[in-house]
>>> print(open('final.cif').read())   # mmCIF, C-alpha atoms and all ligand atoms
data_final
loop_
_atom_site.group_PDB
_atom_site.id
_atom_site.type_symbol
_atom_site.label_atom_id
_atom_site.label_comp_id
_atom_site.auth_asym_id
_atom_site.auth_seq_id
_atom_site.Cartn_x
_atom_site.Cartn_y
_atom_site.Cartn_z
ATOM 1 C CA MET A 493 -57.066 25.462 -155.146
ATOM 2 C CA GLU A 494 -56.361 28.969 -153.868
ATOM 3 C CA GLN A 495 -57.233 32.204 -155.586
ATOM 4 C CA LEU A 496 -55.067 35.298 -155.715
ATOM 5 C CA ILE A 497 -55.997 38.759 -156.944
ATOM 6 C CA ILE A 498 -53.398 40.407 -159.128
ATOM 7 C CA ALA A 499 -53.744 44.168 -159.332
ATOM 8 C CA THR A 500 -53.074 44.498 -163.058
ATOM 9 C CA LYS A 501 -54.962 45.332 -166.223
ATOM 10 C CA ASN A 502 -52.196 44.069 -168.501
ATOM 11 C CA LYS A 503 -53.314 40.935 -170.403
ATOM 12 C CA GLY A 504 -49.729 39.932 -171.156
ATOM 13 C CA LYS A 505 -48.809 39.932 -167.472
ATOM 14 C CA VAL A 506 -51.979 37.988 -166.612
ATOM 15 C CA LYS A 507 -50.999 35.281 -169.117
ATOM 16 C CA ASP A 508 -47.492 35.080 -167.616
ATOM 17 C CA PHE A 509 -48.891 34.860 -164.075
ATOM 18 C CA ARG A 510 -51.481 32.185 -164.910
ATOM 19 C CA ASN A 511 -48.731 30.058 -166.361
ATOM 20 C CA LEU A 512 -46.239 30.794 -163.550
ATOM 21 C CA PHE A 513 -48.761 30.082 -160.778
ATOM 22 C CA SER A 514 -50.208 26.887 -162.275
ATOM 23 C CA LYS A 515 -47.515 24.800 -160.576
ATOM 24 C CA TYR A 516 -48.535 26.188 -157.172
ATOM 25 C CA ASP A 517 -52.190 25.281 -157.818
ATOM 26 C CA ILE A 518 -53.165 28.931 -157.511
ATOM 27 C CA THR A 519 -55.689 30.544 -159.845
ATOM 28 C CA ILE A 520 -55.398 34.166 -160.737
ATOM 29 C CA LYS A 521 -58.012 36.887 -160.799
ATOM 30 C CA SER A 522 -56.913 40.118 -162.421
ATOM 31 C CA LEU A 523 -58.643 43.507 -162.393
ATOM 32 C CA LEU A 524 -59.964 42.573 -165.851
ATOM 33 C CA ASP A 525 -61.894 39.615 -164.348
ATOM 34 C CA LEU A 526 -63.706 41.588 -161.639
ATOM 35 C CA GLU A 527 -67.366 42.483 -162.099
ATOM 36 C CA GLU A 528 -66.935 46.108 -161.126
ATOM 37 C CA ASN A 529 -64.827 48.448 -163.163
ATOM 38 C CA ILE A 530 -61.767 49.464 -161.140
ATOM 39 C CA PRO A 531 -60.468 52.902 -162.143
ATOM 40 C CA ASP A 532 -56.817 53.044 -163.241
ATOM 41 C CA ILE A 533 -54.460 53.469 -160.301
ATOM 42 C CA GLU A 534 -52.139 56.396 -160.947
ATOM 43 C CA GLU A 535 -48.515 55.294 -160.823
ATOM 44 C CA THR A 536 -47.091 58.363 -159.123
ATOM 45 C CA GLY A 537 -44.130 56.617 -157.466
ATOM 46 C CA LYS A 538 -40.465 57.190 -158.337
ATOM 47 C CA THR A 539 -39.432 53.529 -158.044
ATOM 48 C CA PHE A 540 -40.795 50.134 -159.114
ATOM 49 C CA GLU A 541 -41.340 49.403 -155.395
ATOM 50 C CA GLU A 542 -43.420 52.540 -154.795
ATOM 51 C CA ASN A 543 -45.626 51.882 -157.810
ATOM 52 C CA ALA A 544 -46.056 48.174 -157.019
ATOM 53 C CA ALA A 545 -47.085 49.085 -153.444
ATOM 54 C CA LEU A 546 -49.566 51.700 -154.695
ATOM 55 C CA LYS A 547 -51.292 49.112 -156.907
ATOM 56 C CA ALA A 548 -51.250 46.244 -154.370
ATOM 57 C CA GLU A 549 -52.306 48.299 -151.337
ATOM 58 C CA THR A 550 -55.129 50.176 -153.111
ATOM 59 C CA ILE A 551 -56.766 46.913 -154.213
ATOM 60 C CA ALA A 552 -56.055 45.034 -150.952
ATOM 61 C CA GLU A 553 -57.787 47.784 -148.969
ATOM 62 C CA ARG A 554 -60.725 47.849 -151.311
ATOM 63 C CA PHE A 555 -61.431 44.088 -151.095
ATOM 64 C CA SER A 556 -59.902 43.282 -147.684
ATOM 65 C CA LEU A 557 -57.960 40.444 -149.313
ATOM 66 C CA PRO A 558 -54.289 39.693 -150.020
ATOM 67 C CA VAL A 559 -53.284 41.215 -153.362
ATOM 68 C CA LEU A 560 -50.199 40.882 -155.558
ATOM 69 C CA ALA A 561 -49.073 43.685 -157.868
ATOM 70 C CA ASP A 562 -46.316 43.792 -160.473
ATOM 71 C CA ASP A 563 -44.460 46.915 -161.470
ATOM 72 C CA SER A 564 -41.972 46.189 -164.168
ATOM 73 C CA GLY A 565 -40.019 47.678 -167.019
ATOM 74 C CA LEU A 566 -36.993 47.732 -169.264
ATOM 75 C CA GLU A 567 -33.719 49.407 -168.237
ATOM 76 C CA VAL A 568 -31.474 50.212 -171.199
ATOM 77 C CA ASP A 569 -27.859 51.022 -170.280
ATOM 78 C CA ALA A 570 -27.177 53.262 -173.304
ATOM 79 C CA LEU A 571 -30.206 55.357 -172.239
ATOM 80 C CA GLY A 572 -29.071 55.725 -168.634
ATOM 81 C CA GLY A 573 -31.639 53.160 -167.458
ATOM 82 C CA ARG A 574 -34.606 54.592 -169.342
ATOM 83 C CA PRO A 575 -37.466 53.844 -169.928
ATOM 84 C CA GLY A 576 -37.424 52.115 -166.493
ATOM 85 C CA ILE A 577 -40.579 52.828 -164.495
ATOM 86 C CA TYR A 578 -41.942 54.727 -167.495
ATOM 87 C CA SER A 579 -41.772 51.682 -169.814
ATOM 88 C CA ALA A 580 -45.550 51.365 -170.307
ATOM 89 C CA ARG A 581 -45.944 55.074 -171.146
ATOM 90 C CA PHE A 582 -42.567 55.626 -172.923
ATOM 91 C CA ALA A 583 -44.208 56.838 -176.163
ATOM 92 C CA GLY A 584 -47.286 58.362 -174.518
ATOM 93 C CA LEU A 585 -50.204 57.745 -172.221
ATOM 94 C CA GLU A 586 -52.150 55.590 -174.680
ATOM 95 C CA LYS A 587 -49.648 52.811 -173.830
ATOM 96 C CA SER A 588 -48.964 51.310 -177.272
ATOM 97 C CA ASP A 589 -46.411 48.477 -177.359
ATOM 98 C CA GLN A 590 -45.713 49.225 -181.021
ATOM 99 C CA ALA A 591 -45.118 52.936 -180.435
ATOM 100 C CA ASN A 592 -42.912 52.175 -177.413
ATOM 101 C CA ILE A 593 -40.764 49.800 -179.477
ATOM 102 C CA ALA A 594 -40.492 52.317 -182.325
ATOM 103 C CA LYS A 595 -39.341 55.046 -179.921
ATOM 104 C CA LEU A 596 -36.813 52.718 -178.279
ATOM 105 C CA LEU A 597 -35.292 51.635 -181.610
ATOM 106 C CA GLU A 598 -35.151 55.255 -182.795
ATOM 107 C CA GLU A 599 -33.274 56.342 -179.651
ATOM 108 C CA LEU A 600 -30.838 53.442 -180.057
ATOM 109 C CA LYS A 601 -30.183 54.086 -183.759
ATOM 110 C CA GLY A 602 -26.466 53.635 -184.489
ATOM 111 C CA VAL A 603 -25.678 52.194 -181.041
ATOM 112 C CA PRO A 604 -23.492 49.101 -181.655
ATOM 113 C CA GLU A 605 -24.525 45.630 -180.475
ATOM 114 C CA GLU A 606 -22.117 45.487 -177.530
ATOM 115 C CA GLU A 607 -23.558 48.722 -176.140
ATOM 116 C CA ARG A 608 -27.194 47.636 -176.449
ATOM 117 C CA THR A 609 -27.243 45.886 -173.063
ATOM 118 C CA ALA A 610 -30.465 46.036 -171.059
ATOM 119 C CA ARG A 611 -32.526 44.233 -168.441
ATOM 120 C CA PHE A 612 -36.124 43.578 -167.675
ATOM 121 C CA VAL A 613 -36.943 44.283 -164.029
ATOM 122 C CA CYS A 614 -39.992 43.056 -162.128
ATOM 123 C CA VAL A 615 -40.907 44.137 -158.609
ATOM 124 C CA LEU A 616 -43.731 42.217 -156.954
ATOM 125 C CA ALA A 617 -45.572 43.676 -153.969
ATOM 126 C CA VAL A 618 -47.836 41.574 -151.773
ATOM 127 C CA ALA A 619 -50.238 43.641 -149.688
ATOM 128 C CA ARG A 620 -52.338 42.118 -146.921
ATOM 129 C CA PRO A 621 -54.801 44.094 -144.829
ATOM 130 C CA GLY A 622 -53.167 45.072 -141.526
ATOM 131 C CA GLN A 623 -49.741 43.658 -142.402
ATOM 132 C CA PRO A 624 -46.603 45.188 -143.870
ATOM 133 C CA THR A 625 -46.249 44.901 -147.648
ATOM 134 C CA ILE A 626 -43.653 42.400 -148.921
ATOM 135 C CA PHE A 627 -41.428 43.193 -151.939
ATOM 136 C CA LYS A 628 -39.473 40.860 -154.229
ATOM 137 C CA ARG A 629 -37.366 41.923 -157.216
ATOM 138 C CA GLY A 630 -36.325 39.824 -160.214
ATOM 139 C CA SER A 631 -34.436 40.716 -163.373
ATOM 140 C CA CYS A 632 -33.450 39.247 -166.729
ATOM 141 C CA GLU A 633 -30.327 40.489 -168.509
ATOM 142 C CA GLY A 634 -30.101 40.818 -172.277
ATOM 143 C CA ARG A 635 -29.684 43.226 -175.172
ATOM 144 C CA ILE A 636 -31.867 45.198 -177.544
ATOM 145 C CA ALA A 637 -32.360 43.958 -181.110
ATOM 146 C CA ASN A 638 -32.154 46.164 -184.212
ATOM 147 C CA HIS A 639 -35.715 45.364 -185.246
ATOM 148 C CA PRO A 640 -38.686 43.499 -183.756
ATOM 149 C CA ILE A 641 -38.814 39.716 -184.209
ATOM 150 C CA GLY A 642 -41.444 37.266 -182.921
ATOM 151 C CA GLU A 643 -45.151 37.268 -182.197
ATOM 152 C CA ASN A 644 -45.407 35.946 -178.624
ATOM 153 C CA GLY A 645 -45.404 37.792 -175.323
ATOM 154 C CA PHE A 646 -46.095 41.519 -175.000
ATOM 155 C CA GLY A 647 -44.449 44.886 -174.475
ATOM 156 C CA TYR A 648 -40.784 44.957 -175.467
ATOM 157 C CA ASP A 649 -40.471 41.164 -175.893
ATOM 158 C CA PRO A 650 -39.919 41.384 -179.709
ATOM 159 C CA VAL A 651 -36.799 43.556 -179.260
ATOM 160 C CA PHE A 652 -35.210 41.812 -176.264
ATOM 161 C CA TYR A 653 -32.599 39.052 -176.658
ATOM 162 C CA PRO A 654 -32.135 37.333 -173.281
ATOM 163 C CA ASN A 655 -28.427 36.656 -172.650
ATOM 164 C CA GLY A 656 -27.230 33.377 -174.152
ATOM 165 C CA LEU A 657 -30.156 33.035 -176.561
ATOM 166 C CA ILE A 658 -30.344 33.727 -180.296
ATOM 167 C CA LYS A 659 -34.107 34.197 -180.082
ATOM 168 C CA THR A 660 -35.963 37.261 -178.838
ATOM 169 C CA MET A 661 -38.311 36.914 -175.880
ATOM 170 C CA ALA A 662 -41.213 37.089 -178.387
ATOM 171 C CA GLU A 663 -39.882 34.021 -180.249
ATOM 172 C CA LEU A 664 -40.008 31.938 -177.068
ATOM 173 C CA SER A 665 -43.070 29.940 -175.995
ATOM 174 C CA SER A 666 -44.753 31.074 -172.733
ATOM 175 C CA GLU A 667 -43.143 28.111 -170.988
ATOM 176 C CA GLU A 668 -39.677 29.087 -172.256
ATOM 177 C CA LYS A 669 -40.133 32.760 -171.314
ATOM 178 C CA ASN A 670 -41.386 31.772 -167.883
ATOM 179 C CA GLN A 671 -38.246 29.773 -167.127
ATOM 180 C CA ILE A 672 -35.943 32.769 -167.462
ATOM 181 C CA SER A 673 -38.020 35.928 -167.085
ATOM 182 C CA HIS A 674 -37.710 38.745 -164.555
ATOM 183 C CA ARG A 675 -41.245 37.844 -163.425
ATOM 184 C CA LYS A 676 -40.252 34.235 -162.759
ATOM 185 C CA ASN A 677 -37.098 35.364 -160.910
ATOM 186 C CA ALA A 678 -39.245 37.519 -158.626
ATOM 187 C CA ILE A 679 -41.941 34.874 -158.047
ATOM 188 C CA VAL A 680 -39.540 32.150 -156.941
ATOM 189 C CA GLN A 681 -38.636 34.389 -154.009
ATOM 190 C CA LEU A 682 -42.285 34.338 -152.895
ATOM 191 C CA GLU A 683 -42.389 30.539 -152.866
ATOM 192 C CA LYS A 684 -42.528 30.192 -149.086
ATOM 193 C CA TRP A 685 -45.321 32.718 -148.793
ATOM 194 C CA LEU A 686 -47.277 31.038 -151.607
ATOM 195 C CA GLN A 687 -47.106 27.661 -149.884
ATOM 196 C CA ASP A 688 -48.753 29.180 -146.783
ATOM 197 C CA LEU A 689 -51.498 30.867 -148.801
HETATM 198 O O1 LIG A 701 -49.759 48.574 -164.256
HETATM 199 P P1 LIG A 701 -50.399 47.331 -164.810
HETATM 200 O O2 LIG A 701 -51.902 47.403 -164.875
HETATM 201 O O3 LIG A 701 -49.907 46.082 -164.150
HETATM 202 O O4 LIG A 701 -49.955 47.194 -166.373
HETATM 203 P P2 LIG A 701 -48.796 48.038 -167.111
HETATM 204 O O5 LIG A 701 -48.625 47.508 -168.490
HETATM 205 O O6 LIG A 701 -49.098 49.516 -166.989
HETATM 206 O O7 LIG A 701 -47.530 47.639 -166.271
HETATM 207 P P3 LIG A 701 -46.375 48.538 -165.634
HETATM 208 O O8 LIG A 701 -46.926 49.827 -165.177
HETATM 209 O O9 LIG A 701 -45.681 47.656 -164.645
HETATM 210 O O10 LIG A 701 -45.423 48.792 -166.862
HETATM 211 C C1 LIG A 701 -44.648 47.710 -167.318
HETATM 212 C C2 LIG A 701 -44.263 47.882 -168.774
HETATM 213 O O11 LIG A 701 -42.942 47.331 -168.942
HETATM 214 C C3 LIG A 701 -42.876 46.492 -170.068
HETATM 215 N N1 LIG A 701 -42.737 45.083 -169.633
HETATM 216 C C4 LIG A 701 -42.854 44.588 -168.362
HETATM 217 N N2 LIG A 701 -42.717 43.251 -168.344
HETATM 218 C C5 LIG A 701 -42.521 42.881 -169.623
HETATM 219 C C6 LIG A 701 -42.337 41.638 -170.245
HETATM 220 O O12 LIG A 701 -42.371 40.490 -169.569
HETATM 221 N N3 LIG A 701 -42.145 41.621 -171.561
HETATM 222 C C7 LIG A 701 -42.138 42.762 -172.271
HETATM 223 N N4 LIG A 701 -42.331 43.978 -171.771
HETATM 224 C C8 LIG A 701 -42.518 44.045 -170.441
HETATM 225 C C9 LIG A 701 -44.214 46.671 -170.812
HETATM 226 O O13 LIG A 701 -44.098 47.725 -171.718
HETATM 227 C C10 LIG A 701 -45.163 47.056 -169.690
HETATM 228 O O14 LIG A 701 -46.290 47.786 -170.153
HETATM 229 MG MG MG A 702 -49.018 50.415 -165.162
#
>>> encode(input="final.cif", output="structure tokens")
Amino acid sequence: MEQLIIATKNKGKVKDFRNLFSKYDITIKSLLDLEENIPDIEETGKTFEENAALKAETIAERFSLPVLADDSGLEVDALGGRPGIYSARFAGLEKSDQANIAKLLEELKGVPEEERTARFVCVLAVARPGQPTIFKRGSCEGRIANHPIGENGFGYDPVFYPNGLIKTMAELSSEEKNQISHRKNAIVQLEKWLQDL
């Protein structure tokens, strides 16, 4: 069984990745599992790719090991693509899922259902010491609910209806989310690399 470091401190992502990687017989170590406390990596990039590379390359250099990072977010069409790369800090730097959802619903007040289209985007970066960083992008199309429903998942899952479903992402089991998610759609593109790990 192989081990892969994921440069994240987000427990929701870690749960998704553990589940998504189980079929490749790969175990995950996140920054939350490491003995030493890794300071937060400032996400100063202007794109998902730049921020994913910052996270993956910083940790890969530090440990001289291959590292995967995920930079992801929600693009809402009626908001011109916001919150996008700012999804985690939409309502402020304390990164509260509840506050982010409240701000999103407030900004979308009065916007009719057909104009509430949105997508989750996930960019994965794989950094390996001395080699060029690889990027893969996945997305999941849907629309924004009028109020939060469901207890599973994290982030904006309670207000996101994936296309074709009458349940929000937070009403799906992990297995169901991981069949259709942006994260899954990015990971499948790494399949060849994962087999050679
Ligand atoms: O940077 P790391 O440590 O990985 O953790 P983070 O939460 O700060 O992660 P990002 O910078 O990539 O911001 C992504 C945000 O987008 C949202 N998001 C991403 N994937 C999601 C998902 O599967 N379900 C719900 N919300 C998601 C959620 O608000 C995340 O905090
Ligand atoms: Mg972050």
>>> residues_around(input="final.cif", residues="range 527-537 of chain A", least_positions_apart="3", cutoff="9 Å", atoms="only C-alpha atoms", output="list in words")
Lys501, Leu523, Leu524, Phe540, Glu541, Glu542, Asn543, Ala544, Leu546, Lys547, Thr550, Ile551 and Ile577 of chain A
>>> residues_around(input="final.cif", residues="Ser666 in chain A", least_positions_apart="4", cutoff="12 Å", atoms="all atoms listed in the file", output="VMD selection string")
chain A and resid 504 to 512 643 to 646 649 661 to 662 670 to 673 676
>>> atom_distance(input="final.cif", atom1="CA of Tyr578 in chain A", atom2="atom O9 of ligand LIG 701 (chain A)")
8.5 Å
>>> residues_around(input="final.cif", residues="Tyr653 in chain A", least_positions_apart="5", cutoff="12 Å", atoms="only C-alpha atoms", output="PDB file with C-alpha atoms, in the frame of the given file")
ATOM      1  CA  GLU A 605     -24.525  45.630-180.475  1.00  0.00           C
ATOM      2  CA  ARG A 608     -27.194  47.636-176.449  1.00  0.00           C
ATOM      3  CA  THR A 609     -27.243  45.886-173.063  1.00  0.00           C
ATOM      4  CA  ALA A 610     -30.465  46.036-171.059  1.00  0.00           C
ATOM      5  CA  ARG A 611     -32.526  44.233-168.441  1.00  0.00           C
ATOM      6  CA  PHE A 612     -36.124  43.578-167.675  1.00  0.00           C
ATOM      7  CA  CYS A 632     -33.450  39.247-166.729  1.00  0.00           C
ATOM      8  CA  GLU A 633     -30.327  40.489-168.509  1.00  0.00           C
ATOM      9  CA  GLY A 634     -30.101  40.818-172.277  1.00  0.00           C
ATOM     10  CA  ARG A 635     -29.684  43.226-175.172  1.00  0.00           C
ATOM     11  CA  ILE A 636     -31.867  45.198-177.544  1.00  0.00           C
ATOM     12  CA  ALA A 637     -32.360  43.958-181.110  1.00  0.00           C
ATOM     13  CA  ASN A 638     -32.154  46.164-184.212  1.00  0.00           C
ATOM     14  CA  HIS A 639     -35.715  45.364-185.246  1.00  0.00           C
ATOM     15  CA  PRO A 640     -38.686  43.499-183.756  1.00  0.00           C
ATOM     16  CA  ILE A 641     -38.814  39.716-184.209  1.00  0.00           C
ATOM     17  CA  GLY A 642     -41.444  37.266-182.921  1.00  0.00           C
ATOM     18  CA  TYR A 648     -40.784  44.957-175.467  1.00  0.00           C
ATOM     19  CA  ILE A 658     -30.344  33.727-180.296  1.00  0.00           C
ATOM     20  CA  LYS A 659     -34.107  34.197-180.082  1.00  0.00           C
ATOM     21  CA  THR A 660     -35.963  37.261-178.838  1.00  0.00           C
ATOM     22  CA  MET A 661     -38.311  36.914-175.880  1.00  0.00           C
ATOM     23  CA  ALA A 662     -41.213  37.089-178.387  1.00  0.00           C
ATOM     24  CA  GLU A 663     -39.882  34.021-180.249  1.00  0.00           C
ATOM     25  CA  LEU A 664     -40.008  31.938-177.068  1.00  0.00           C
ATOM     26  CA  LYS A 669     -40.133  32.760-171.314  1.00  0.00           C
ATOM     27  CA  ILE A 672     -35.943  32.769-167.462  1.00  0.00           C
ATOM     28  CA  SER A 673     -38.020  35.928-167.085  1.00  0.00           C
TER      29      SER A 673
END
>>> closest_residue(input="final.cif", among="A:Val651, A:Leu616, A:Val559, A:Ile498", to="Gln590 in chain A", atoms="only C-alpha atoms")
A:Val651
>>> closest_residue(input="final.cif", among="A:Asn655, A:Ser665, A:Gln681, A:Asn592", to="Val618 in chain A", atoms="all atoms listed in the file")
A:Gln681
>>> residues_near_ligand(input="final.cif", ligand="ligand LIG 701 (chain A)", cutoff="6 Å", atoms="all atoms listed in the file", output="compact mmCIF listing (two decimals) with C-alpha atoms, in the coordinates of the input")
# COMPACT_ATOMS: atom_id res chain seq x y z
CA THR A 500 -53.07 44.50 -163.06
CA LYS A 501 -54.96 45.33 -166.22
CA ASN A 502 -52.20 44.07 -168.50
CA ASP A 562 -46.32 43.79 -160.47
CA ASP A 563 -44.46 46.92 -161.47
CA SER A 564 -41.97 46.19 -164.17
CA GLY A 565 -40.02 47.68 -167.02
CA LEU A 566 -36.99 47.73 -169.26
CA SER A 579 -41.77 51.68 -169.81
CA ALA A 580 -45.55 51.36 -170.31
CA PHE A 646 -46.10 41.52 -175.00
CA GLY A 647 -44.45 44.89 -174.48
CA TYR A 648 -40.78 44.96 -175.47
CA ASP A 649 -40.47 41.16 -175.89
>>> resolve_selection(input="final.cif", expression="the PyMOL selection byres (((chain A and resi 583) around 7) and not hetatm)", output="list of chain:residue names")
A:Arg581, A:Phe582, A:Gly584, A:Ala591, A:Asn592, A:Lys595
>>> atom_distance(input="final.cif", atom1="CA of Glu567 in chain A", atom2="CA of Val613 in chain A")
7.4 Å
>>> closest_residue(input="final.cif", among="A:Ile518, A:Ala548, A:Leu585, A:Leu597", to="Pro650 in chain A", atoms="all atoms listed in the file")
A:Leu597
>>> resolve_selection(input="final.cif", expression="the PyMOL selection byres (((chain A and resi 628) around 7) and not hetatm)", output="list of chain:residue names")
A:Val615, A:Leu616, A:Ala617, A:Ile626, A:Phe627, A:Arg629, A:Gly630, A:Ala678, A:Gln681
>>> atom_distance(input="final.cif", atom1="CA of Ser514 in chain A", atom2="CA of Pro621 in chain A")
24.9 Å
>>> closest_residue(input="final.cif", among="A:Asp688, A:Glu607, A:Glu598, A:Glu586", to="ligand MG 702 (chain A)", atoms="only C-alpha atoms and all ligand atoms")
A:Glu586
>>> resolve_selection(input="final.cif", expression="the PyMOL selection byres (((chain A and resi 519) around 9) and not hetatm)", output="PyMOL selection string")
chain A and resi 493-497+510+513-514+516-518+520-521
>>> closest_residue(input="final.cif", among="A:Lys587, A:Arg574, A:Lys538, A:Arg620", to="Pro558 in chain A", atoms="all atoms listed in the file")
A:Arg620
>>> axis_aligned_box(input="final.cif", around="range 657-664 of chain A", padding_each_side="4 Å", output="JSON")
{"center_x": -35.7, "center_y": 34.6, "center_z": -178.1, "size_x": 19.1, "size_y": 13.3, "size_z": 12.4}
>>> build_atoms(input="final.cif", residues="range 574-590 of chain A", atoms="N, CA and C atoms", output="compact mmCIF listing (two decimals), in the coordinates of the input")
# COMPACT_ATOMS: atom_id res chain seq x y z
N ARG A 574 -33.26 54.37 -168.80
CA ARG A 574 -34.61 54.59 -169.34
C ARG A 574 -34.99 53.42 -170.24
N PRO A 575 -36.29 53.16 -170.48
CA PRO A 575 -37.47 53.84 -169.93
C PRO A 575 -37.80 53.48 -168.48
N GLY A 576 -37.24 52.40 -167.92
CA GLY A 576 -37.42 52.12 -166.49
C GLY A 576 -38.89 52.09 -166.07
N ILE A 577 -39.19 52.85 -165.02
CA ILE A 577 -40.58 52.83 -164.50
C ILE A 577 -41.57 53.45 -165.48
N TYR A 578 -41.04 54.11 -166.50
CA TYR A 578 -41.94 54.73 -167.50
C TYR A 578 -42.14 53.84 -168.72
N SER A 579 -41.76 52.56 -168.63
CA SER A 579 -41.77 51.68 -169.81
C SER A 579 -43.13 51.61 -170.49
N ALA A 580 -44.21 51.52 -169.71
CA ALA A 580 -45.55 51.36 -170.31
C ALA A 580 -45.96 52.63 -171.06
N ARG A 581 -45.51 53.78 -170.56
CA ARG A 581 -45.94 55.07 -171.15
C ARG A 581 -44.79 55.80 -171.84
N PHE A 582 -43.77 55.04 -172.30
CA PHE A 582 -42.57 55.63 -172.92
C PHE A 582 -42.95 56.53 -174.10
N ALA A 583 -43.85 56.05 -174.97
CA ALA A 583 -44.21 56.84 -176.16
C ALA A 583 -45.53 57.57 -175.98
N GLY A 584 -46.04 57.62 -174.75
CA GLY A 584 -47.29 58.36 -174.52
C GLY A 584 -48.27 57.59 -173.67
N LEU A 585 -49.28 58.31 -173.21
CA LEU A 585 -50.20 57.74 -172.22
C LEU A 585 -51.14 56.70 -172.79
N GLU A 586 -51.23 56.60 -174.12
CA GLU A 586 -52.15 55.59 -174.68
C GLU A 586 -51.55 54.18 -174.60
N LYS A 587 -50.30 54.09 -174.12
CA LYS A 587 -49.65 52.81 -173.83
C LYS A 587 -49.68 51.83 -175.00
N SER A 588 -49.03 52.20 -176.11
CA SER A 588 -48.96 51.31 -177.27
C SER A 588 -47.62 50.59 -177.29
N ASP A 589 -47.66 49.25 -177.30
CA ASP A 589 -46.41 48.48 -177.36
C ASP A 589 -45.63 48.83 -178.62
N GLN A 590 -46.36 48.95 -179.74
CA GLN A 590 -45.71 49.22 -181.02
C GLN A 590 -45.02 50.58 -181.01
